[in-house]
Structures are given as structure tokens and as C-alpha cells.
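One file, input23.cif, is given below (mmCIF, N, CA and C atoms).
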data_model
loop_
_atom_site.group_PDB
_atom_site.id
_atom_site.type_symbol
_atom_site.label_atom_id
_atom_site.label_comp_id
_atom_site.auth_asym_id
_atom_site.auth_seq_id
_atom_site.Cartn_x
_atom_site.Cartn_y
_atom_site.Cartn_z
ATOM 1 N N MET A 9 91.700 120.414 76.400
ATOM 2 C CA MET A 9 91.601 121.763 75.866
ATOM 3 C C MET A 9 91.046 122.677 76.969
ATOM 4 N N THR A 10 91.693 123.812 77.166
ATOM 5 C CA THR A 10 91.252 124.745 78.200
ATOM 6 C C THR A 10 90.006 125.510 77.733
ATOM 7 N N PRO A 11 89.282 126.118 78.676
ATOM 8 C CA PRO A 11 88.123 126.929 78.273
ATOM 9 C C PRO A 11 88.491 128.065 77.313
ATOM 10 N N ILE A 12 89.643 128.683 77.515
ATOM 11 C CA ILE A 12 90.070 129.759 76.608
ATOM 12 C C ILE A 12 90.321 129.193 75.212
ATOM 13 N N GLU A 13 90.955 128.031 75.140
ATOM 14 C CA GLU A 13 91.185 127.399 73.845
ATOM 15 C C GLU A 13 89.864 127.063 73.164
ATOM 16 N N LYS A 14 88.900 126.577 73.937
ATOM 17 C CA LYS A 14 87.575 126.279 73.386
ATOM 18 C C LYS A 14 86.898 127.544 72.878
ATOM 19 N N LEU A 15 87.069 128.636 73.617
ATOM 20 C CA LEU A 15 86.469 129.906 73.213
ATOM 21 C C LEU A 15 87.055 130.383 71.886
ATOM 22 N N VAL A 16 88.365 130.331 71.774
ATOM 23 C CA VAL A 16 89.036 130.752 70.536
ATOM 24 C C VAL A 16 88.606 129.852 69.379
ATOM 25 N N GLU A 17 88.498 128.567 69.625
ATOM 26 C CA GLU A 17 88.040 127.649 68.591
ATOM 27 C C GLU A 17 86.592 127.958 68.187
ATOM 28 N N PHE A 18 85.750 128.261 69.165
ATOM 29 C CA PHE A 18 84.340 128.576 68.903
ATOM 30 C C PHE A 18 84.218 129.741 67.922
ATOM 31 N N PHE A 19 85.000 130.798 68.159
ATOM 32 C CA PHE A 19 84.910 131.980 67.305
ATOM 33 C C PHE A 19 85.746 131.873 66.033
ATOM 34 N N GLY A 20 86.676 130.934 65.979
ATOM 35 C CA GLY A 20 87.456 130.744 64.761
ATOM 36 C C GLY A 20 88.780 131.470 64.732
ATOM 37 N N GLY A 21 89.342 131.733 65.889
ATOM 38 C CA GLY A 21 90.659 132.368 65.950
ATOM 39 C C GLY A 21 90.698 133.483 66.976
ATOM 40 N N GLN A 22 91.900 133.900 67.307
ATOM 41 C CA GLN A 22 92.065 134.943 68.321
ATOM 42 C C GLN A 22 91.519 136.291 67.869
ATOM 43 N N ALA A 23 91.731 136.647 66.609
ATOM 44 C CA ALA A 23 91.248 137.943 66.120
ATOM 45 C C ALA A 23 89.722 138.006 66.151
ATOM 46 N N LYS A 24 89.057 136.918 65.759
ATOM 47 C CA LYS A 24 87.595 136.893 65.771
ATOM 48 C C LYS A 24 87.052 136.867 67.192
ATOM 49 N N THR A 25 87.761 136.194 68.094
ATOM 50 C CA THR A 25 87.369 136.195 69.511
ATOM 51 C C THR A 25 87.472 137.611 70.065
ATOM 52 N N ALA A 26 88.561 138.275 69.746
ATOM 53 C CA ALA A 26 88.765 139.646 70.199
ATOM 54 C C ALA A 26 87.657 140.567 69.695
ATOM 55 N N ALA A 27 87.314 140.452 68.421
ATOM 56 C CA ALA A 27 86.265 141.298 67.844
ATOM 57 C C ALA A 27 84.923 141.034 68.531
ATOM 58 N N ALA A 28 84.624 139.773 68.779
ATOM 59 C CA ALA A 28 83.343 139.419 69.405
ATOM 60 C C ALA A 28 83.239 139.963 70.824
ATOM 61 N N LEU A 29 84.361 139.986 71.538
ATOM 62 C CA LEU A 29 84.355 140.418 72.936
ATOM 63 C C LEU A 29 84.726 141.893 73.122
ATOM 64 N N GLY A 30 85.070 142.565 72.037
ATOM 65 C CA GLY A 30 85.402 143.988 72.116
ATOM 66 C C GLY A 30 86.729 144.271 72.799
ATOM 67 N N VAL A 31 87.710 143.395 72.556
ATOM 68 C CA VAL A 31 89.047 143.586 73.120
ATOM 69 C C VAL A 31 90.068 143.464 72.000
ATOM 70 N N SER A 32 91.320 143.707 72.314
ATOM 71 C CA SER A 32 92.374 143.563 71.308
ATOM 72 C C SER A 32 92.757 142.100 71.153
ATOM 73 N N GLN A 33 93.362 141.786 70.022
ATOM 74 C CA GLN A 33 93.856 140.428 69.803
ATOM 75 C C GLN A 33 94.944 140.115 70.823
ATOM 76 N N ALA A 34 95.696 141.131 71.212
ATOM 77 C CA ALA A 34 96.748 140.925 72.215
ATOM 78 C C ALA A 34 96.154 140.466 73.548
ATOM 79 N N ALA A 35 94.997 141.029 73.916
ATOM 80 C CA ALA A 35 94.343 140.621 75.166
ATOM 81 C C ALA A 35 93.973 139.145 75.114
ATOM 82 N N VAL A 36 93.437 138.709 73.986
ATOM 83 C CA VAL A 36 93.077 137.298 73.833
ATOM 84 C C VAL A 36 94.338 136.436 73.907
ATOM 85 N N SER A 37 95.406 136.889 73.294
ATOM 86 C CA SER A 37 96.669 136.159 73.343
ATOM 87 C C SER A 37 97.161 136.022 74.786
ATOM 88 N N TYR A 38 97.042 137.091 75.563
ATOM 89 C CA TYR A 38 97.446 137.042 76.977
ATOM 90 C C TYR A 38 96.609 136.032 77.750
ATOM 91 N N TRP A 39 95.300 136.003 77.496
ATOM 92 C CA TRP A 39 94.435 135.016 78.160
ATOM 93 C C TRP A 39 94.846 133.616 77.739
ATOM 94 N N PHE A 40 95.059 133.440 76.456
ATOM 95 C CA PHE A 40 95.382 132.137 75.883
ATOM 96 C C PHE A 40 96.679 131.584 76.480
ATOM 97 N N ASN A 41 97.658 132.467 76.653
ATOM 98 C CA ASN A 41 98.968 132.060 77.167
ATOM 99 C C ASN A 41 99.052 132.085 78.688
ATOM 100 N N GLY A 42 97.999 132.566 79.354
ATOM 101 C CA GLY A 42 97.998 132.616 80.811
ATOM 102 C C GLY A 42 98.737 133.795 81.409
ATOM 103 N N THR A 43 99.071 134.785 80.575
ATOM 104 C CA THR A 43 99.775 135.967 81.071
ATOM 105 C C THR A 43 98.854 136.833 81.910
ATOM 106 N N HIS A 44 97.624 136.987 81.469
ATOM 107 C CA HIS A 44 96.593 137.748 82.187
ATOM 108 C C HIS A 44 95.331 136.906 82.241
ATOM 109 N N SER A 45 94.468 137.235 83.185
ATOM 110 C CA SER A 45 93.198 136.522 83.268
ATOM 111 C C SER A 45 92.081 137.370 82.663
ATOM 112 N N MET A 46 91.045 136.703 82.238
ATOM 113 C CA MET A 46 89.878 137.362 81.668
ATOM 114 C C MET A 46 89.046 137.971 82.790
ATOM 115 N N SER A 47 88.523 139.163 82.572
ATOM 116 C CA SER A 47 87.654 139.780 83.573
ATOM 117 C C SER A 47 86.324 139.044 83.635
ATOM 118 N N ALA A 48 85.665 139.162 84.759
ATOM 119 C CA ALA A 48 84.355 138.523 84.916
ATOM 120 C C ALA A 48 83.369 139.058 83.886
ATOM 121 N N ASN A 49 83.423 140.353 83.595
ATOM 122 C CA ASN A 49 82.503 140.938 82.607
ATOM 123 C C ASN A 49 82.685 140.294 81.239
ATOM 124 N N LYS A 50 83.927 140.108 80.819
ATOM 125 C CA LYS A 50 84.183 139.490 79.513
ATOM 126 C C LYS A 50 83.815 138.009 79.543
ATOM 127 N N ALA A 51 84.019 137.354 80.682
ATOM 128 C CA ALA A 51 83.652 135.941 80.793
ATOM 129 C C ALA A 51 82.141 135.765 80.662
ATOM 130 N N PHE A 52 81.372 136.639 81.297
ATOM 131 C CA PHE A 52 79.912 136.554 81.175
ATOM 132 C C PHE A 52 79.456 136.879 79.754
ATOM 133 N N LEU A 53 80.115 137.834 79.108
ATOM 134 C CA LEU A 53 79.798 138.142 77.716
ATOM 135 C C LEU A 53 80.097 136.934 76.824
ATOM 136 N N ALA A 54 81.228 136.294 77.054
ATOM 137 C CA ALA A 54 81.591 135.109 76.276
ATOM 138 C C ALA A 54 80.551 134.006 76.468
ATOM 139 N N GLU A 55 80.095 133.821 77.698
ATOM 140 C CA GLU A 55 79.069 132.804 77.956
ATOM 141 C C GLU A 55 77.795 133.114 77.172
ATOM 142 N N GLU A 56 77.410 134.380 77.178
ATOM 143 C CA GLU A 56 76.207 134.793 76.450
ATOM 144 C C GLU A 56 76.369 134.570 74.948
ATOM 145 N N LEU A 57 77.518 134.964 74.410
ATOM 146 C CA LEU A 57 77.748 134.860 72.971
ATOM 147 C C LEU A 57 77.881 133.413 72.488
ATOM 148 N N THR A 58 78.314 132.528 73.367
ATOM 149 C CA THR A 58 78.449 131.115 72.987
ATOM 150 C C THR A 58 77.200 130.314 73.325
ATOM 151 N N GLY A 59 76.175 130.975 73.820
ATOM 152 C CA GLY A 59 74.948 130.279 74.176
ATOM 153 C C GLY A 59 75.138 129.310 75.328
ATOM 154 N N GLY A 60 76.109 129.607 76.186
ATOM 155 C CA GLY A 60 76.371 128.761 77.345
ATOM 156 C C GLY A 60 77.271 127.571 77.078
ATOM 157 N N LYS A 61 77.779 127.460 75.860
ATOM 158 C CA LYS A 61 78.685 126.336 75.553
ATOM 159 C C LYS A 61 79.980 126.448 76.345
ATOM 160 N N ILE A 62 80.411 127.669 76.598
ATOM 161 C CA ILE A 62 81.571 127.931 77.445
ATOM 162 C C ILE A 62 81.084 128.910 78.506
ATOM 163 N N THR A 63 81.114 128.499 79.747
ATOM 164 C CA THR A 63 80.532 129.316 80.806
ATOM 165 C C THR A 63 81.553 130.256 81.434
ATOM 166 N N ALA A 64 81.032 131.317 82.039
ATOM 167 C CA ALA A 64 81.882 132.261 82.763
ATOM 168 C C ALA A 64 82.610 131.540 83.892
ATOM 169 N N ARG A 65 81.932 130.607 84.531
ATOM 170 C CA ARG A 65 82.564 129.843 85.614
ATOM 171 C C ARG A 65 83.785 129.083 85.098
ATOM 172 N N GLN A 66 83.646 128.453 83.932
ATOM 173 C CA GLN A 66 84.784 127.734 83.346
ATOM 174 C C GLN A 66 85.921 128.697 83.018
ATOM 175 N N LEU A 67 85.576 129.818 82.425
ATOM 176 C CA LEU A 67 86.594 130.785 82.026
ATOM 177 C C LEU A 67 87.300 131.387 83.231
ATOM 178 N N CYS A 68 86.566 131.659 84.289
ATOM 179 C CA CYS A 68 87.179 132.243 85.478
ATOM 180 C C CYS A 68 87.942 131.198 86.287
ATOM 181 N N ALA A 69 87.508 129.944 86.237
ATOM 182 C CA ALA A 69 88.212 128.869 86.945
ATOM 183 C C ALA A 69 89.559 128.585 86.309
ATOM 184 N N SER A 70 89.709 128.963 85.046
ATOM 185 C CA SER A 70 90.960 128.690 84.348
ATOM 186 C C SER A 70 91.986 129.809 84.533
ATOM 187 N N ARG A 71 91.670 130.747 85.423
ATOM 188 C CA ARG A 71 92.599 131.860 85.652
ATOM 189 C C ARG A 71 93.936 131.337 86.152
ATOM 190 N N PRO A 72 95.013 131.915 85.632
ATOM 191 C CA PRO A 72 96.338 131.460 86.080
ATOM 192 C C PRO A 72 96.573 131.827 87.533
ATOM 193 N N GLN A 73 97.207 130.951 88.254
ATOM 194 C CA GLN A 73 97.546 131.188 89.657
ATOM 195 C C GLN A 73 99.057 131.423 89.721
ATOM 196 N N LYS A 74 99.442 132.675 89.830
ATOM 197 C CA LYS A 74 100.863 133.001 89.862
ATOM 198 C C LYS A 74 101.339 133.061 91.308
ATOM 199 N N SER A 75 102.484 132.493 91.555
ATOM 200 C CA SER A 75 103.025 132.515 92.909
ATOM 201 C C SER A 75 103.749 133.827 93.143
ATOM 202 N N ALA A 76 103.775 134.254 94.389
ATOM 203 C CA ALA A 76 104.473 135.498 94.750
ATOM 204 C C ALA A 76 105.895 135.139 95.168
ATOM 205 N N ALA A 77 106.711 134.840 94.186
ATOM 206 C CA ALA A 77 108.071 134.370 94.472
ATOM 207 C C ALA A 77 108.989 135.490 94.854
#
Once you've parsed the file, please lay out its structure as C-alpha cells.
Amino acid sequence: MTPIEKLVEFFGGQAKTAAALGVSQAAVSYWFNGTHSMSANKAFLAEELTGGKITARQLCASRPQKSAA
């Protein structure tokens, strides 16, 4: 399970994750699917809200690496 998946599970769904982090559900969906990466600010907020169960380092390490094809 990826850190983003763990985060969504922690909050109980994408909509609840979005509400907790102050973003749209679409933003969470983009993170979940690897379309966009989470900002460092949101990653640190997520770490704080989860009591360190999911760290900003984990969330930022899971950023998608897109090739410049």
C-alpha cells in the first residue's frame, strides 16, 4: 500500500482526506492516481494530522517520476 493509499484509508476516503487537508477531492484523486504530486506543505500537514503515522517524507518519496519523452 502506498503512503497516499494509507493516508486515504486513515481519513476514511478521498472526500474526507480532501476536507482534512483543505483541498478538493479531485486533488486527492490526482495524488492517488499519480497524476500530480502532493506539495510539501500538504505532506507536512498530513503528517501532523495523522500524528506521524504517515510522514511527509513518505508522502514526498512517493511522488511520481514522469519521464520527459
Please, which residues of chain A, numbered as in this document, come out alpha helix (DSSP H) from DSSP, as a PDB file with N, CA and C atoms, keeping the file's coordinate frame?
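Once everything was written out, this is part26.pdb:
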ATOM      1  N   PRO A  11      89.282 126.118  78.676  1.00  0.00           N
ATOM      2  CA  PRO A  11      88.123 126.929  78.273  1.00  0.00           C
ATOM      3  C   PRO A  11      88.491 128.065  77.313  1.00  0.00           C
ATOM      4  N   ILE A  12      89.643 128.683  77.515  1.00  0.00           N
ATOM      5  CA  ILE A  12      90.070 129.759  76.608  1.00  0.00           C
ATOM      6  C   ILE A  12      90.321 129.193  75.212  1.00  0.00           C
ATOM      7  N   GLU A  13      90.955 128.031  75.140  1.00  0.00           N
ATOM      8  CA  GLU A  13      91.185 127.399  73.845  1.00  0.00           C
ATOM      9  C   GLU A  13      89.864 127.063  73.164  1.00  0.00           C
ATOM     10  N   LYS A  14      88.900 126.577  73.937  1.00  0.00           N
ATOM     11  CA  LYS A  14      87.575 126.279  73.386  1.00  0.00           C
ATOM     12  C   LYS A  14      86.898 127.544  72.878  1.00  0.00           C
ATOM     13  N   LEU A  15      87.069 128.636  73.617  1.00  0.00           N
ATOM     14  CA  LEU A  15      86.469 129.906  73.213  1.00  0.00           C
ATOM     15  C   LEU A  15      87.055 130.383  71.886  1.00  0.00           C
ATOM     16  N   VAL A  16      88.365 130.331  71.774  1.00  0.00           N
ATOM     17  CA  VAL A  16      89.036 130.752  70.536  1.00  0.00           C
ATOM     18  C   VAL A  16      88.606 129.852  69.379  1.00  0.00           C
ATOM     19  N   GLU A  17      88.498 128.567  69.625  1.00  0.00           N
ATOM     20  CA  GLU A  17      88.040 127.649  68.591  1.00  0.00           C
ATOM     21  C   GLU A  17      86.592 127.958  68.187  1.00  0.00           C
ATOM     22  N   PHE A  18      85.750 128.261  69.165  1.00  0.00           N
ATOM     23  CA  PHE A  18      84.340 128.576  68.903  1.00  0.00           C
ATOM     24  C   PHE A  18      84.218 129.741  67.922  1.00  0.00           C
ATOM     25  N   PHE A  19      85.000 130.798  68.159  1.00  0.00           N
ATOM     26  CA  PHE A  19      84.910 131.980  67.305  1.00  0.00           C
ATOM     27  C   PHE A  19      85.746 131.873  66.033  1.00  0.00           C
ATOM     28  N   GLN A  22      91.900 133.900  67.307  1.00  0.00           N
ATOM     29  CA  GLN A  22      92.065 134.943  68.321  1.00  0.00           C
ATOM     30  C   GLN A  22      91.519 136.291  67.869  1.00  0.00           C
ATOM     31  N   ALA A  23      91.731 136.647  66.609  1.00  0.00           N
ATOM     32  CA  ALA A  23      91.248 137.943  66.120  1.00  0.00           C
ATOM     33  C   ALA A  23      89.722 138.006  66.151  1.00  0.00           C
ATOM     34  N   LYS A  24      89.057 136.918  65.759  1.00  0.00           N
ATOM     35  CA  LYS A  24      87.595 136.893  65.771  1.00  0.00           C
ATOM     36  C   LYS A  24      87.052 136.867  67.192  1.00  0.00           C
ATOM     37  N   THR A  25      87.761 136.194  68.094  1.00  0.00           N
ATOM     38  CA  THR A  25      87.369 136.195  69.511  1.00  0.00           C
ATOM     39  C   THR A  25      87.472 137.611  70.065  1.00  0.00           C
ATOM     40  N   ALA A  26      88.561 138.275  69.746  1.00  0.00           N
ATOM     41  CA  ALA A  26      88.765 139.646  70.199  1.00  0.00           C
ATOM     42  C   ALA A  26      87.657 140.567  69.695  1.00  0.00           C
ATOM     43  N   ALA A  27      87.314 140.452  68.421  1.00  0.00           N
ATOM     44  CA  ALA A  27      86.265 141.298  67.844  1.00  0.00           C
ATOM     45  C   ALA A  27      84.923 141.034  68.531  1.00  0.00           C
ATOM     46  N   ALA A  28      84.624 139.773  68.779  1.00  0.00           N
ATOM     47  CA  ALA A  28      83.343 139.419  69.405  1.00  0.00           C
ATOM     48  C   ALA A  28      83.239 139.963  70.824  1.00  0.00           C
ATOM     49  N   LEU A  29      84.361 139.986  71.538  1.00  0.00           N
ATOM     50  CA  LEU A  29      84.355 140.418  72.936  1.00  0.00           C
ATOM     51  C   LEU A  29      84.726 141.893  73.122  1.00  0.00           C
ATOM     52  N   GLN A  33      93.362 141.786  70.022  1.00  0.00           N
ATOM     53  CA  GLN A  33      93.856 140.428  69.803  1.00  0.00           C
ATOM     54  C   GLN A  33      94.944 140.115  70.823  1.00  0.00           C
ATOM     55  N   ALA A  34      95.696 141.131  71.212  1.00  0.00           N
ATOM     56  CA  ALA A  34      96.748 140.925  72.215  1.00  0.00           C
ATOM     57  C   ALA A  34      96.154 140.466  73.548  1.00  0.00           C
ATOM     58  N   ALA A  35      94.997 141.029  73.916  1.00  0.00           N
ATOM     59  CA  ALA A  35      94.343 140.621  75.166  1.00  0.00           C
ATOM     60  C   ALA A  35      93.973 139.145  75.114  1.00  0.00           C
ATOM     61  N   VAL A  36      93.437 138.709  73.986  1.00  0.00           N
ATOM     62  CA  VAL A  36      93.077 137.298  73.833  1.00  0.00           C
ATOM     63  C   VAL A  36      94.338 136.436  73.907  1.00  0.00           C
ATOM     64  N   SER A  37      95.406 136.889  73.294  1.00  0.00           N
ATOM     65  CA  SER A  37      96.669 136.159  73.343  1.00  0.00           C
ATOM     66  C   SER A  37      97.161 136.022  74.786  1.00  0.00           C
ATOM     67  N   TYR A  38      97.042 137.091  75.563  1.00  0.00           N
ATOM     68  CA  TYR A  38      97.446 137.042  76.977  1.00  0.00           C
ATOM     69  C   TYR A  38      96.609 136.032  77.750  1.00  0.00           C
ATOM     70  N   TRP A  39      95.300 136.003  77.496  1.00  0.00           N
ATOM     71  CA  TRP A  39      94.435 135.016  78.160  1.00  0.00           C
ATOM     72  C   TRP A  39      94.846 133.616  77.739  1.00  0.00           C
ATOM     73  N   PHE A  40      95.059 133.440  76.456  1.00  0.00           N
ATOM     74  CA  PHE A  40      95.382 132.137  75.883  1.00  0.00           C
ATOM     75  C   PHE A  40      96.679 131.584  76.480  1.00  0.00           C
ATOM     76  N   ASN A  41      97.658 132.467  76.653  1.00  0.00           N
ATOM     77  CA  ASN A  41      98.968 132.060  77.167  1.00  0.00           C
ATOM     78  C   ASN A  41      99.052 132.085  78.688  1.00  0.00           C
ATOM     79  N   ALA A  48      85.665 139.162  84.759  1.00  0.00           N
ATOM     80  CA  ALA A  48      84.355 138.523  84.916  1.00  0.00           C
ATOM     81  C   ALA A  48      83.369 139.058  83.886  1.00  0.00           C
ATOM     82  N   ASN A  49      83.423 140.353  83.595  1.00  0.00           N
ATOM     83  CA  ASN A  49      82.503 140.938  82.607  1.00  0.00           C
ATOM     84  C   ASN A  49      82.685 140.294  81.239  1.00  0.00           C
ATOM     85  N   LYS A  50      83.927 140.108  80.819  1.00  0.00           N
ATOM     86  CA  LYS A  50      84.183 139.490  79.513  1.00  0.00           C
ATOM     87  C   LYS A  50      83.815 138.009  79.543  1.00  0.00           C
ATOM     88  N   ALA A  51      84.019 137.354  80.682  1.00  0.00           N
ATOM     89  CA  ALA A  51      83.652 135.941  80.793  1.00  0.00           C
ATOM     90  C   ALA A  51      82.141 135.765  80.662  1.00  0.00           C
ATOM     91  N   PHE A  52      81.372 136.639  81.297  1.00  0.00           N
ATOM     92  CA  PHE A  52      79.912 136.554  81.175  1.00  0.00           C
ATOM     93  C   PHE A  52      79.456 136.879  79.754  1.00  0.00           C
ATOM     94  N   LEU A  53      80.115 137.834  79.108  1.00  0.00           N
ATOM     95  CA  LEU A  53      79.798 138.142  77.716  1.00  0.00           C
ATOM     96  C   LEU A  53      80.097 136.934  76.824  1.00  0.00           C
ATOM     97  N   ALA A  54      81.228 136.294  77.054  1.00  0.00           N
ATOM     98  CA  ALA A  54      81.591 135.109  76.276  1.00  0.00           C
ATOM     99  C   ALA A  54      80.551 134.006  76.468  1.00  0.00           C
ATOM    100  N   GLU A  55      80.095 133.821  77.698  1.00  0.00           N
ATOM    101  CA  GLU A  55      79.069 132.804  77.956  1.00  0.00           C
ATOM    102  C   GLU A  55      77.795 133.114  77.172  1.00  0.00           C
ATOM    103  N   GLU A  56      77.410 134.380  77.178  1.00  0.00           N
ATOM    104  CA  GLU A  56      76.207 134.793  76.450  1.00  0.00           C
ATOM    105  C   GLU A  56      76.369 134.570  74.948  1.00  0.00           C
ATOM    106  N   LEU A  57      77.518 134.964  74.410  1.00  0.00           N
ATOM    107  CA  LEU A  57      77.748 134.860  72.971  1.00  0.00           C
ATOM    108  C   LEU A  57      77.881 133.413  72.488  1.00  0.00           C
ATOM    109  N   ALA A  64      81.032 131.317  82.039  1.00  0.00           N
ATOM    110  CA  ALA A  64      81.882 132.261  82.763  1.00  0.00           C
ATOM    111  C   ALA A  64      82.610 131.540  83.892  1.00  0.00           C
ATOM    112  N   ARG A  65      81.932 130.607  84.531  1.00  0.00           N
ATOM    113  CA  ARG A  65      82.564 129.843  85.614  1.00  0.00           C
ATOM    114  C   ARG A  65      83.785 129.083  85.098  1.00  0.00           C
ATOM    115  N   GLN A  66      83.646 128.453  83.932  1.00  0.00           N
ATOM    116  CA  GLN A  66      84.784 127.734  83.346  1.00  0.00           C
ATOM    117  C   GLN A  66      85.921 128.697  83.018  1.00  0.00           C
ATOM    118  N   LEU A  67      85.576 129.818  82.425  1.00  0.00           N
ATOM    119  CA  LEU A  67      86.594 130.785  82.026  1.00  0.00           C
ATOM    120  C   LEU A  67      87.300 131.387  83.231  1.00  0.00           C
ATOM    121  N   CYS A  68      86.566 131.659  84.289  1.00  0.00           N
ATOM    122  CA  CYS A  68      87.179 132.243  85.478  1.00  0.00           C
ATOM    123  C   CYS A  68      87.942 131.198  86.287  1.00  0.00           C
ATOM    124  N   ALA A  69      87.508 129.944  86.237  1.00  0.00           N
ATOM    125  CA  ALA A  69      88.212 128.869  86.945  1.00  0.00           C
ATOM    126  C   ALA A  69      89.559 128.585  86.309  1.00  0.00           C
TER     127      ALA A  69
END
#### Entry: Hits of the PyMOL selection byres ((chain A and resi 49-62) around 8) in this structure, as a ChimeraX atom specification
/A:11,14-15,18,28-29,46-48,63-68
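You will find CA of Val31 in chain A at 13.2 Å from CA of His44 in chain A.
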Put the listed atoms of range 30-37 of chain A in a box along x, y and z with 6 Å added on every side and give me the centre and edge lengths in Å to one decimal, as AutoDock Vina command-line options.
--center_x 91.1 --center_y 140.1 --center_z 72.5 --size_x 24.1 --size_y 20.2 --size_z 17.4
